[in-house]
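target-v5.cif follows (mmCIF, C-alpha atoms):
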```
data_data
#
loop_
_atom_site.label_atom_id
_atom_site.label_comp_id
_atom_site.auth_asym_id
_atom_site.auth_seq_id
_atom_site.Cartn_x
_atom_site.Cartn_y
_atom_site.Cartn_z
CA MET Q 1 47.43 9.79 14.00
CA ALA Q 2 44.68 12.38 14.50
CA GLN Q 3 41.16 11.04 14.17
CA ARG Q 4 39.18 12.52 11.32
CA LYS Q 5 36.20 14.59 12.42
CA SER Q 6 32.74 13.26 11.75
CA ARG Q 7 30.40 15.12 9.42
CA THR Q 8 28.32 16.19 12.42
CA ASP Q 9 31.36 17.55 14.29
CA ARG Q 10 32.51 19.40 11.19
CA ARG Q 11 29.07 21.01 10.79
CA ILE Q 12 29.13 22.09 14.44
CA ASP Q 13 32.57 23.65 13.87
CA LEU Q 14 31.23 25.48 10.82
CA ILE Q 15 28.25 26.82 12.76
CA GLU Q 16 30.65 28.24 15.37
CA ALA Q 17 32.85 29.68 12.62
CA ALA Q 18 29.81 31.30 11.01
CA ARG Q 19 28.82 32.86 14.34
CA ARG Q 20 32.29 34.39 14.69
CA ALA Q 21 32.19 35.62 11.09
CA ILE Q 22 28.79 37.28 11.61
CA ILE Q 23 30.04 39.08 14.71
CA ARG Q 24 33.20 40.21 12.92
CA HIS Q 25 31.69 41.25 9.56
CA GLY Q 26 28.00 41.82 10.31
CA VAL Q 27 25.08 39.70 9.17
CA ASP Q 28 24.81 41.63 5.88
CA GLY Q 29 28.54 41.68 5.22
CA VAL Q 30 29.55 38.10 5.97
CA GLN Q 31 30.72 36.09 2.97
CA LEU Q 32 31.66 32.50 2.31
CA SER Q 33 35.37 33.37 2.45
CA HIS Q 34 34.92 34.88 5.93
CA VAL Q 35 33.38 31.66 7.27
CA ALA Q 36 36.10 29.58 5.61
CA GLU Q 37 38.80 31.75 7.18
CA GLU Q 38 37.26 31.44 10.65
CA ALA Q 39 37.00 27.66 10.21
CA GLY Q 40 40.51 27.28 8.79
CA LEU Q 41 39.10 25.61 5.68
CA THR Q 42 38.77 26.34 1.99
CA SER Q 43 35.54 27.82 0.66
CA GLY Q 44 35.00 24.55 -1.20
CA ALA Q 45 35.18 22.58 2.04
CA VAL Q 46 32.54 24.84 3.59
CA LEU Q 47 30.28 24.37 0.56
CA TYR Q 48 30.72 20.61 0.78
CA HIS Q 49 28.92 20.66 4.14
CA TYR Q 50 26.67 23.65 3.46
CA PRO Q 51 26.00 24.17 -0.27
CA ASP Q 52 23.73 27.09 0.69
CA LEU Q 53 25.56 29.72 2.79
CA SER Q 54 22.27 31.26 3.94
CA GLU Q 55 21.28 27.93 5.54
CA LEU Q 56 24.54 27.91 7.50
CA LEU Q 57 24.02 31.50 8.65
CA VAL Q 58 20.48 30.75 9.85
CA GLU Q 59 21.73 27.68 11.76
CA ALA Q 60 24.47 29.78 13.33
CA GLN Q 61 21.96 32.35 14.50
CA HIS Q 62 19.60 29.71 15.86
CA ALA Q 63 22.49 28.16 17.80
CA GLY Q 64 23.21 31.56 19.33
CA MET Q 65 19.59 31.86 20.45
CA GLU Q 66 19.51 28.49 22.21
CA ARG Q 67 21.09 29.96 25.33
CA PHE Q 68 18.20 32.38 25.83
CA TYR Q 69 15.43 29.82 25.68
CA GLU Q 70 16.34 26.12 25.54
CA GLN Q 71 19.20 26.37 28.03
CA ARG Q 72 17.12 28.48 30.40
CA LEU Q 73 14.27 25.95 30.28
CA ARG Q 74 16.70 23.20 31.22
CA GLN Q 75 17.91 25.27 34.18
CA LEU Q 76 14.35 26.02 35.28
CA ALA Q 77 13.46 22.32 35.24
CA THR Q 78 15.82 21.83 38.19
CA VAL Q 79 13.98 24.36 40.39
CA THR Q 80 10.45 24.32 41.86
CA ASP Q 81 10.23 27.61 43.79
CA PRO Q 82 8.64 30.35 41.61
CA VAL Q 83 10.75 33.05 43.28
CA ALA Q 84 13.97 31.19 42.53
CA LYS Q 85 12.76 30.52 38.98
CA LEU Q 86 12.00 34.19 38.33
CA VAL Q 87 15.30 35.46 39.77
CA MET Q 88 17.25 32.82 37.84
CA THR Q 89 15.45 33.65 34.59
CA ILE Q 90 16.11 37.38 34.92
CA ARG Q 91 19.81 36.91 35.64
CA SER Q 92 20.34 34.36 32.88
CA GLY Q 93 18.79 36.60 30.22
CA LEU Q 94 21.50 39.25 30.33
CA PRO Q 95 24.92 39.49 28.63
CA THR Q 96 27.94 38.44 30.67
CA GLY Q 97 29.61 41.67 29.51
CA PRO Q 98 30.08 43.96 26.49
CA LEU Q 99 31.80 41.26 24.43
CA ASP Q 100 29.27 38.48 25.06
CA PRO Q 101 29.26 36.72 21.65
CA ASP Q 102 25.70 35.39 21.84
CA VAL Q 103 24.26 38.82 22.54
CA ARG Q 104 26.43 40.49 19.93
CA LEU Q 105 25.07 37.95 17.46
CA LEU Q 106 21.49 38.81 18.47
CA ASN Q 107 22.27 42.51 18.06
CA GLU Q 108 23.48 41.82 14.52
CA LEU Q 109 20.30 39.88 13.82
CA GLY Q 110 18.15 42.68 15.19
CA GLY Q 111 19.79 45.19 12.89
CA ALA Q 112 19.07 43.01 9.85
CA ALA Q 113 15.57 41.84 10.82
CA GLY Q 114 13.87 44.70 9.00
CA ARG Q 115 15.62 43.74 5.75
CA ASN Q 116 15.50 39.97 6.04
CA ARG Q 117 12.20 38.22 6.77
CA VAL Q 118 13.86 35.02 8.01
CA TYR Q 119 15.85 36.89 10.65
CA GLY Q 120 12.71 38.75 11.69
CA VAL Q 121 10.85 35.46 12.12
CA LEU Q 122 13.71 34.00 14.18
CA LEU Q 123 13.76 36.97 16.55
CA THR Q 124 9.97 37.09 16.87
CA SER Q 125 9.88 33.40 17.68
CA LEU Q 126 12.58 33.82 20.34
CA TYR Q 127 10.73 36.77 21.87
CA ASP Q 128 7.40 34.90 21.98
CA ARG Q 129 9.00 31.83 23.57
CA GLN Q 130 10.74 33.96 26.20
CA VAL Q 131 7.45 35.69 26.99
CA SER Q 132 5.73 32.32 27.45
CA MET Q 133 8.57 31.21 29.73
CA TYR Q 134 8.13 34.24 31.99
CA GLN Q 135 4.33 34.00 31.84
CA SER Q 136 4.41 30.40 33.01
CA ILE Q 137 6.54 31.36 36.03
CA LEU Q 138 4.24 34.28 36.88
CA ASP Q 139 1.07 32.19 36.53
CA THR Q 140 2.49 29.40 38.68
CA GLY Q 141 3.59 31.85 41.37
CA ALA Q 142 0.16 33.51 41.37
CA ALA Q 143 -1.64 30.16 41.57
CA LEU Q 144 0.48 29.19 44.58
CA GLY Q 145 -0.20 32.52 46.30
CA VAL Q 146 3.49 33.47 46.15
CA PHE Q 147 2.92 36.35 43.70
CA ARG Q 148 0.25 39.05 43.76
CA LEU Q 149 0.44 40.20 40.17
CA SER Q 150 -0.05 43.91 39.46
CA GLY Q 151 -1.58 43.16 36.04
CA ASP Q 152 -2.21 40.33 33.62
CA SER Q 153 0.67 37.90 33.34
CA LEU Q 154 1.09 38.30 29.57
CA THR Q 155 1.68 42.04 29.84
CA LEU Q 156 4.10 41.61 32.74
CA ALA Q 157 5.99 38.87 30.88
CA ARG Q 158 6.28 41.02 27.76
CA ASN Q 159 7.67 43.87 29.84
CA LEU Q 160 10.24 41.60 31.48
CA VAL Q 161 11.53 40.42 28.09
CA ALA Q 162 11.58 44.01 26.82
CA LEU Q 163 13.66 45.06 29.83
CA GLU Q 164 16.07 42.17 29.21
CA ASP Q 165 16.53 43.34 25.63
CA ALA Q 166 16.90 47.02 26.55
CA TYR Q 167 19.40 46.54 29.36
CA GLY Q 168 21.23 43.86 27.40
CA TYR Q 169 21.82 46.40 24.67
CA ARG Q 170 23.08 48.96 27.21
CA ILE Q 171 25.62 46.42 28.47
CA THR Q 172 26.93 45.61 24.99
CA ALA Q 173 27.01 49.35 24.21
CA ARG Q 174 29.33 49.72 27.23
CA HIS Q 175 27.16 52.00 29.35
CA PRO Q 176 29.51 53.12 32.16
CA LEU Q 177 26.94 52.60 34.92
CA ILE Q 178 25.06 49.52 33.73
CA GLY Q 179 26.79 46.16 33.85
CA PRO Q 180 25.22 42.71 34.26
CA ALA Q 181 24.72 43.03 38.04
CA GLU Q 182 23.20 46.52 37.80
CA ALA Q 183 20.92 45.50 34.94
CA ALA Q 184 19.70 42.45 36.84
CA GLU Q 185 18.87 44.60 39.85
CA LEU Q 186 16.98 47.12 37.69
CA ILE Q 187 14.86 44.36 36.16
CA LEU Q 188 14.32 42.77 39.57
CA SER Q 189 13.10 46.14 40.84
CA TYR Q 190 10.33 46.06 38.23
CA ALA Q 191 9.64 42.38 38.93
CA ARG Q 192 9.21 43.05 42.67
CA THR Q 193 6.53 45.62 41.92
CA ALA Q 194 4.92 43.38 39.31
CA THR Q 195 4.74 40.34 41.62
CA GLY Q 196 4.25 41.92 45.04
CA ASN Q 197 7.16 39.79 46.23
CA ASP Q 198 10.59 40.89 47.55
CA LEU Q 199 12.22 38.22 45.31
CA VAL Q 200 14.93 37.51 47.85
CA HIS Q 201 16.90 34.50 46.72
#
```
Take the structure I supplied and represent it as structure tokens, if you would.
Amino acid sequence: MAQRKSRTDRRIDLIEAARRAIIRHGVDGVQLSHVAEEAGLTSGAVLYHYPDLSELLVEAQHAGMERFYEQRLRQLATVTDPVAKLVMTIRSGLPTGPLDPDVRLLNELGGAAGRNRVYGVLLTSLYDRQVSMYQSILDTGAALGVFRLSGDSLTLARNLVALEDAYGYRITARHPLIGPAEAAELILSYARTATGNDLVH
């Protein structure tokens, strides 16, 4: 006899279903029935766990963002070399390909941010945290004498995140000459100039 899922597991399943529904129907077009269909449940079952659909959608979007900050921080905690940290951070901030679901979700969010204050706040918070992540790596490298920064670390960090976003969009838009490897190299080219380091790792 199959074991019944816990309330926590069911909520996790619904968050994943909501992410798929947002990607399929757009953040403005997704409806309760779409989430229910993706989850293989009735609309009533979805409402039992999430009486407010907007709360579920926000949780789904936050879960999609975790990869670009929380997961990267966990990876960085295993490395001490600033060069390795910077290269790892650049490579982990890009889509795996045009169909990368987390990045497609962020693209949907970006399109709706001007119309929905909550989505705008979520994206701004993610951007600011990513900037602080890069800035910390740059400051540490400079303090250790590994980097010779071409400008202040905040400006350089903001530019690195902006390049991630720009090239990430090119990848999901299926640019014929820019895939994940090419985008990483383009960002690394800027980072080499910004840090005065060859960033060989």
Where does range 73-129 of chain Q meet range 133-137 of chain Q within 8 Å, residue by residue, with the nearest atom pair and distance in Å to one decimal for each, counting all atoms listed in the file, listed by chain and rising number, as a tab-separated table?
```
residue	atom	partner	partner_atom	distance
Q:Leu73	CA	Q:Met133	CA	7.8
Q:Pro82	CA	Q:Ile137	CA	6.0
Q:Lys85	CA	Q:Ile137	CA	6.9
Q:Leu86	CA	Q:Ile137	CA	6.6
Q:Thr89	CA	Q:Tyr134	CA	7.8
Q:Arg129	CA	Q:Met133	CA	6.2
```
* Exercise: Arg7 in chain Q partners within 8 Å, all atoms listed in the file, chain neighbours under 3 positions left out, as a list in words -> Arg10, Arg11 and His49 of chain Q
* Work out how far apart CA of Arg115 in chain Q and CA of Pro51 in chain Q are and give it in Å to one decimal. =>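 Separation between CA of Arg115 in chain Q and CA of Pro51 in chain Q: 23.0 Å.
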* Contact residues around Leu57 in chain Q with all atoms listed in the file at 8 Å, ignoring same-chain residues under 2 positions, as a count of residues only -> 9
* Residue with smallest distance to Pro176 in chain Q - pool Q:Gly97, Q:Gly64, Q:Gly44, Q:Gly120, counting only C-alpha atoms ->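 Looking at the shortest contact to Pro176 in chain Q, the residue is Q:Gly97.
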* Give the answer as one residue: which of Q:Met65, Q:Val87, Q:Val103, Q:Leu156 has the shortest atom-to-atom distance to Thr124 in chain Q, using only C-alpha atoms? => Q:Met65
* Point-to-point distance in Å for CA of Gly151 in chain Q and CA of Gln71 in chain Q ->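 One can read the CA of Gln71 in chain Q to CA of Gly151 in chain Q distance as 27.9 Å.
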